[in-house]
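K.L.:
Could you have a look at this structure, given as structure tokens, before my questions?
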Amino acid sequence: MWRQIHAVGPGKWAPGPPAKPVAPAPARTATTKTTTTNQWSNPLYQPTATLSGKSLSDAATALTNATYDPVISQYQQQIANRTQQGAAAQQQAAGYFNQLGQYAQSAVDKANSIGADLNTTLQGIGQGTQSALDQIGAQQAAVPALQALQNEGLGGGATQQLAQQLAGLKATAATNAQSAQSYGAIVGSAASQRAAGMLGAYALGGQAALGKIGEATQQALTPMETNLTSEQAKKAAAFGTNLQALRQQQFNNLVAQSGLNIKQATLQNTITQDVANRTSREKIAAGVQAGANARSKASIDAAWARNQANITSREKAAAQTAAAKGSTGAGATKPLTLSENNSYWGTVAKGISAIGVARSQNYGWPAIRTELLTKLNDLQARAAVELWQYHYLSPGTAQQLHGAGVRGGTYNGKPIQVGSNPALTQFEQAASQQLGF
């Protein structure tokens with residue numbers, strides 16, 4: 001098998017012909033970019049545009065193309081690919097049979113050459129035989145003794161007999177040579193005919209193969225072409241349908257737009273009136289709320305002051321009682337179990353968390369205390385308020401907790417302390433120290 005190669009250096013070769021230089025790609029111009037951008041100007045991509053005349057036709061065309069062009073392009077590509085494959089197969093088959101034809105033609109030429117060489121050889125043999133017989137006759141005639149006897153009449157006809165024999169041999173040799181040449185011609189002709197017959201058979205075989213490939217290609221193309229024709233017919237019919245639908249849609253859009261304009265004007269008037277009414281109501285409500293807030297604040301502050309005074313009185317009384325009895329004297333309560341003690345402080349911790357949430361939402365202390373008393377008893381609520389507000393317990397609250405059997409407890413990761421609230425008296429501070437809470 002021969003393959004084309006080309007030099008790539010001293011003593012170096014590479015397969016195939018030398019590569020042709022590749023032309024640089026043309027620079028992109030502003031025109032190309034503009035064309036790409038303008039494709040979005042198609043009416044199909046502008047739903048708010050009013051379609052009429054050419055724009056209506058362009059929109060129907062674009063809608064039809066968008067529906068059918070992908071399928072049509074696919075069929076066209078399939079047809080092109082199949083046609084290309086059939087042509088390539090025919091070209092390959094033709095090349096194959098052309099090679100066979102060249103071999104057959106070479107065989108014809110060789111057969112003709114052999115026949116010609118055989119004829120020349122046989123002709124040479126015949127001529128050589130005649131020359132040899134002529135030479136023998138000449139040699140015998142030139143013998144002096146035989147010639148002397150012939151001259152004296154004593155030859156007995158030997159010379160004539162020799163001449164006759166030589167003539168007969170020459171005639172026989174000529175006949176044999178002619179026969180041999182005739183046979184050689186027959187043999188050469190038969191060989192040439194056989195070679196020519198092979199050449200013709202290869203040519204007919206090639207034509208038949210090409211015909212079969214062409215038929216197979218056409219059989220494969222027929223359904224593709226039928227589908228393509230069908231889609232093209234559908235596309236032609238769809239254009240009219242799309243055009244009519246878009247035209248009707250334009251009428252519907254105009255009617256809807258007219259109705260929207262009327263509704264828009266009505267809505268705008270309604271909105272204007274609502275804004276005016278709402279502004280008046282907001283002004284009235286703001287005045288009412290301001291008065292209510294002032295009254296509410298005064299009421300809340302008074303209630304808080306009374307509540308604080310009551311708490312202070314109870315704390316002082318509890319501290320005096322504790323100082324009189326002592327932390328282990330009469331009136332002391334048996335301590336809670338560890339589980340009960342932890343549960344008690346857990347409830348207080350929930351109250352502290354609830355206070356934080358309520359204060360972040362700007363609830364007042366009276367409202368917070370009222371809410372706490374729905375889930376905590378009075379003593380737990382007081383402890384939660386004091387720990388959240390002062391970070392320690394007042395002596396009165398501590399004494400009551402101690403009397404209830406509550407011990408220990410932590411706040412913010414540290415043991416709970418009984419603090420010296422600046423508002424407490426020296427007597428309450430002294431009682432707090434004696435409690436050891």
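So you can find residues: chains in the structure tokens are A, B, ... in the order shown, residues in each start at 1, and ligands are numbered from 1 in order.
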Residues near segment 368-383 of chain A, anyone? I mean within 9 Å using only C-alpha atoms, not counting same-chain ones fewer than 4 positions away, as a list in words.
P.N.:
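Near segment 368-383 of chain A, the qualifying residues are Ile311, Tyr344, Trp345, Thr347, Val348, Gly351, Ile352, Ala354, Ile355, Ala358, Arg359, Tyr363, Gly364, Leu387, Trp388, Tyr392, Leu393, Ser394, Thr397, Ala398, Gln400 and Leu401 of chain A.
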K.L.:
Which neighbours of Lys334 of chain A fall inside 10 Å, counting only C-alpha atoms, when residues of the same chain fewer than 6 positions from it are skipped, and could you give them as a PDB file with N, CA and C atoms, in the first residue's frame?
P.N.:
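And here's selection-v6.pdb as it stands now:
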ATOM      1  N   HIS A 402     -36.312  31.495 101.575  1.00  0.00           N
ATOM      2  CA  HIS A 402     -35.698  30.621 102.576  1.00  0.00           C
ATOM      3  C   HIS A 402     -36.766  29.963 103.427  1.00  0.00           C
ATOM      4  N   GLY A 403     -37.771  30.747 103.781  1.00  0.00           N
ATOM      5  CA  GLY A 403     -38.846  30.194 104.582  1.00  0.00           C
ATOM      6  C   GLY A 403     -39.651  29.140 103.834  1.00  0.00           C
ATOM      7  N   ALA A 404     -39.669  29.249 102.485  1.00  0.00           N
ATOM      8  CA  ALA A 404     -40.392  28.257 101.680  1.00  0.00           C
ATOM      9  C   ALA A 404     -39.551  27.015 101.409  1.00  0.00           C
ATOM     10  N   GLY A 405     -38.320  26.979 101.944  1.00  0.00           N
ATOM     11  CA  GLY A 405     -37.469  25.813 101.759  1.00  0.00           C
ATOM     12  C   GLY A 405     -36.597  25.866 100.516  1.00  0.00           C
ATOM     13  N   VAL A 406     -36.572  27.018  99.842  1.00  0.00           N
ATOM     14  CA  VAL A 406     -35.777  27.151  98.627  1.00  0.00           C
ATOM     15  C   VAL A 406     -34.358  27.530  98.997  1.00  0.00           C
TER      16      VAL A 406
END
K.L.:
Identify, on the basis of only C-alpha atoms, every residue whose closest approach to Ser179 of chain A does not exceed 12 Å; exclude the query and any residue fewer than 3 positions from it along the same chain; express the result as a PyMOL selection string.
P.N.:
chain A and resi 119+122-123+125-126+172-176+182-186
K.L.:
Output C-alpha atoms for every residue in the selection just made, as a compact mmCIF listing (two decimals), in the first residue's frame.
P.N.:
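File written: out_35.txt
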# COMPACT_ATOMS: atom_id res chain seq x y z
CA ASN A 119 4.18 -15.56 -32.96
CA LEU A 122 7.46 -19.50 -33.90
CA GLN A 123 8.17 -17.43 -37.01
CA ILE A 125 11.85 -21.09 -35.59
CA GLY A 126 10.38 -21.65 -39.08
CA THR A 172 7.30 -29.92 -44.39
CA ALA A 173 9.13 -27.39 -42.21
CA ALA A 174 7.16 -24.56 -43.77
CA THR A 175 3.89 -26.40 -43.12
CA ASN A 176 4.87 -27.12 -39.54
CA SER A 182 -1.56 -20.57 -36.42
CA TYR A 183 -1.78 -22.39 -33.11
CA GLY A 184 0.18 -19.62 -31.38
CA ALA A 185 -2.20 -17.05 -32.83
CA ILE A 186 -5.18 -19.06 -31.54
K.L.:
Using Å and a single decimal, report how far atom CA of Thr241 of chain A sits from atom CA of Tyr68 of chain A.
P.N.:
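Interatomic distance here is 13.4 Å.
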K.L.:
Would you kindly return, as an mmCIF file with all heavy atoms, in the first residue's frame, each protein, DNA or RNA residue with an atom no farther than 12 Å from any atom of Asp109 of chain A, considering only C-alpha atoms and excluding same-chain residues fewer than 3 positions away?
P.N.:
data_model
loop_
_atom_site.group_PDB
_atom_site.id
_atom_site.type_symbol
_atom_site.label_atom_id
_atom_site.label_comp_id
_atom_site.auth_asym_id
_atom_site.auth_seq_id
_atom_site.Cartn_x
_atom_site.Cartn_y
_atom_site.Cartn_z
ATOM 1 N N GLN A 102 -8.029 -1.780 -13.869
ATOM 2 C CA GLN A 102 -6.621 -1.579 -14.218
ATOM 3 C C GLN A 102 -5.859 -2.901 -14.207
ATOM 4 O O GLN A 102 -5.031 -3.168 -15.096
ATOM 5 C CB GLN A 102 -5.999 -0.593 -13.231
ATOM 6 C CG GLN A 102 -6.546 0.825 -13.358
ATOM 7 C CD GLN A 102 -5.986 1.743 -12.293
ATOM 8 O OE1 GLN A 102 -5.145 1.342 -11.483
ATOM 9 N NE2 GLN A 102 -6.461 2.992 -12.286
ATOM 10 N N TYR A 103 -6.172 -3.731 -13.189
ATOM 11 C CA TYR A 103 -5.513 -5.051 -13.165
ATOM 12 C C TYR A 103 -5.931 -5.878 -14.385
ATOM 13 O O TYR A 103 -5.107 -6.565 -15.013
ATOM 14 C CB TYR A 103 -5.888 -5.793 -11.883
ATOM 15 C CG TYR A 103 -5.360 -5.133 -10.632
ATOM 16 C CD1 TYR A 103 -6.079 -5.176 -9.444
ATOM 17 C CD2 TYR A 103 -4.138 -4.470 -10.641
ATOM 18 C CE1 TYR A 103 -5.609 -4.568 -8.287
ATOM 19 C CE2 TYR A 103 -3.656 -3.851 -9.494
ATOM 20 C CZ TYR A 103 -4.394 -3.899 -8.333
ATOM 21 O OH TYR A 103 -3.929 -3.294 -7.211
ATOM 22 N N ALA A 104 -7.218 -5.847 -14.746
ATOM 23 C CA ALA A 104 -7.695 -6.607 -15.903
ATOM 24 C C ALA A 104 -7.078 -6.081 -17.195
ATOM 25 O O ALA A 104 -6.706 -6.855 -18.091
ATOM 26 C CB ALA A 104 -9.219 -6.544 -15.969
ATOM 27 N N GLN A 105 -6.976 -4.777 -17.334
ATOM 28 C CA GLN A 105 -6.366 -4.195 -18.537
ATOM 29 C C GLN A 105 -4.897 -4.588 -18.637
ATOM 30 O O GLN A 105 -4.385 -4.863 -19.729
ATOM 31 C CB GLN A 105 -6.494 -2.668 -18.503
ATOM 32 C CG GLN A 105 -5.978 -1.973 -19.756
ATOM 33 C CD GLN A 105 -6.734 -2.391 -20.999
ATOM 34 O OE1 GLN A 105 -7.956 -2.397 -21.001
ATOM 35 N NE2 GLN A 105 -6.019 -2.781 -22.055
ATOM 36 N N SER A 106 -4.251 -4.624 -17.466
ATOM 37 C CA SER A 106 -2.851 -5.066 -17.468
ATOM 38 C C SER A 106 -2.746 -6.519 -17.936
ATOM 39 O O SER A 106 -1.835 -6.891 -18.687
ATOM 40 C CB SER A 106 -2.260 -4.901 -16.070
ATOM 41 O OG SER A 106 -0.942 -5.391 -16.023
ATOM 42 N N ASN A 112 -1.731 -10.032 -24.825
ATOM 43 C CA ASN A 112 -1.407 -9.617 -26.193
ATOM 44 C C ASN A 112 0.096 -9.660 -26.436
ATOM 45 O O ASN A 112 0.557 -10.081 -27.517
ATOM 46 C CB ASN A 112 -1.945 -8.212 -26.458
ATOM 47 C CG ASN A 112 -3.468 -8.180 -26.501
ATOM 48 O OD1 ASN A 112 -4.105 -9.195 -26.794
ATOM 49 N ND2 ASN A 112 -4.049 -7.034 -26.192
ATOM 50 N N SER A 113 0.828 -9.222 -25.402
ATOM 51 C CA SER A 113 2.285 -9.223 -25.537
ATOM 52 C C SER A 113 2.823 -10.646 -25.652
ATOM 53 O O SER A 113 3.702 -10.941 -26.475
ATOM 54 C CB SER A 113 2.920 -8.512 -24.348
ATOM 55 O OG SER A 113 4.326 -8.566 -24.420
ATOM 56 N N ILE A 114 2.250 -11.557 -24.852
ATOM 57 C CA ILE A 114 2.697 -12.959 -24.916
ATOM 58 C C ILE A 114 2.367 -13.566 -26.280
ATOM 59 O O ILE A 114 3.153 -14.306 -26.885
ATOM 60 C CB ILE A 114 2.047 -13.764 -23.779
ATOM 61 C CG1 ILE A 114 2.607 -13.294 -22.415
ATOM 62 C CG2 ILE A 114 2.262 -15.253 -23.961
ATOM 63 C CD1 ILE A 114 1.914 -13.904 -21.243
ATOM 64 N N GLY A 115 1.161 -13.271 -26.804
ATOM 65 C CA GLY A 115 0.785 -13.791 -28.127
ATOM 66 C C GLY A 115 1.704 -13.284 -29.215
ATOM 67 O O GLY A 115 2.111 -14.040 -30.119
ATOM 68 N N ALA A 116 2.019 -11.987 -29.132
ATOM 69 C CA ALA A 116 2.932 -11.426 -30.150
ATOM 70 C C ALA A 116 4.311 -12.052 -30.039
ATOM 71 O O ALA A 116 4.951 -12.389 -31.057
ATOM 72 C CB ALA A 116 3.009 -9.909 -29.986
ATOM 73 N N GLY A 188 -2.862 -17.086 -28.329
ATOM 74 C CA GLY A 188 -2.760 -15.676 -27.938
ATOM 75 C C GLY A 188 -4.101 -14.975 -27.987
ATOM 76 O O GLY A 188 -4.440 -14.169 -27.116
ATOM 77 N N SER A 189 -4.890 -15.298 -29.045
ATOM 78 C CA SER A 189 -6.201 -14.666 -29.162
ATOM 79 C C SER A 189 -7.119 -15.098 -28.033
ATOM 80 O O SER A 189 -7.863 -14.287 -27.469
ATOM 81 C CB SER A 189 -6.821 -15.034 -30.517
ATOM 82 O OG SER A 189 -8.131 -14.510 -30.614
ATOM 83 N N ALA A 191 -6.214 -16.076 -25.034
ATOM 84 C CA ALA A 191 -5.777 -15.428 -23.792
ATOM 85 C C ALA A 191 -6.225 -13.973 -23.760
ATOM 86 O O ALA A 191 -6.698 -13.459 -22.729
ATOM 87 C CB ALA A 191 -4.258 -15.520 -23.657
ATOM 88 N N SER A 192 -6.116 -13.291 -24.894
ATOM 89 C CA SER A 192 -6.548 -11.887 -24.956
ATOM 90 C C SER A 192 -8.052 -11.766 -24.732
ATOM 91 O O SER A 192 -8.535 -10.855 -24.048
ATOM 92 C CB SER A 192 -6.168 -11.279 -26.310
ATOM 93 O OG SER A 192 -4.766 -11.273 -26.480
ATOM 94 N N GLN A 193 -8.814 -12.712 -25.305
ATOM 95 C CA GLN A 193 -10.263 -12.659 -25.119
ATOM 96 C C GLN A 193 -10.659 -12.898 -23.666
ATOM 97 O O GLN A 193 -11.574 -12.253 -23.130
ATOM 98 C CB GLN A 193 -10.922 -13.696 -26.037
ATOM 99 C CG GLN A 193 -10.846 -13.340 -27.523
ATOM 100 C CD GLN A 193 -11.443 -14.417 -28.402
ATOM 101 O OE1 GLN A 193 -11.910 -15.443 -27.900
ATOM 102 N NE2 GLN A 193 -11.423 -14.189 -29.715
ATOM 103 N N ARG A 194 -9.964 -13.872 -23.029
ATOM 104 C CA ARG A 194 -10.267 -14.120 -21.627
ATOM 105 C C ARG A 194 -9.958 -12.884 -20.775
ATOM 106 O O ARG A 194 -10.736 -12.498 -19.890
ATOM 107 C CB ARG A 194 -9.478 -15.324 -21.124
ATOM 108 C CG ARG A 194 -10.028 -16.662 -21.590
ATOM 109 C CD ARG A 194 -9.449 -17.790 -20.773
ATOM 110 N NE ARG A 194 -8.012 -17.882 -20.921
ATOM 111 C CZ ARG A 194 -7.398 -18.587 -21.876
ATOM 112 N NH1 ARG A 194 -8.116 -19.263 -22.781
ATOM 113 N NH2 ARG A 194 -6.086 -18.629 -21.951
ATOM 114 N N ALA A 195 -8.820 -12.276 -21.023
ATOM 115 C CA ALA A 195 -8.464 -11.077 -20.253
ATOM 116 C C ALA A 195 -9.458 -9.948 -20.521
ATOM 117 O O ALA A 195 -9.894 -9.236 -19.597
ATOM 118 C CB ALA A 195 -7.048 -10.629 -20.597
ATOM 119 N N ALA A 196 -9.833 -9.782 -21.805
ATOM 120 C CA ALA A 196 -10.806 -8.739 -22.138
ATOM 121 C C ALA A 196 -12.164 -9.047 -21.506
ATOM 122 O O ALA A 196 -12.894 -8.137 -21.084
ATOM 123 C CB ALA A 196 -10.930 -8.617 -23.655
ATOM 124 N N LEU A 199 -12.059 -7.969 -17.959
ATOM 125 C CA LEU A 199 -12.184 -6.508 -17.877
ATOM 126 C C LEU A 199 -13.644 -6.080 -18.007
ATOM 127 O O LEU A 199 -14.143 -5.233 -17.254
ATOM 128 C CB LEU A 199 -11.327 -5.863 -18.982
ATOM 129 C CG LEU A 199 -11.388 -4.328 -19.071
ATOM 130 C CD1 LEU A 199 -10.912 -3.705 -17.767
ATOM 131 C CD2 LEU A 199 -10.540 -3.829 -20.241
#
K.L.:
Would you compute the distance between atom CA of Gln76 of chain A and atom CA of Ala209 of chain A? Give it in Å to one decimal.
P.N.:
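Interatomic distance here is 26.6 Å.
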K.L.:
Nearest to Ser52 of chain A: which of A:Thr120, A:Thr64, A:Gly86, A:Gln249 is it, counting only C-alpha atoms?
P.N.:
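Once distances to Ser52 of chain A are computed over only C-alpha atoms, the minimum belongs to A:Gln249.
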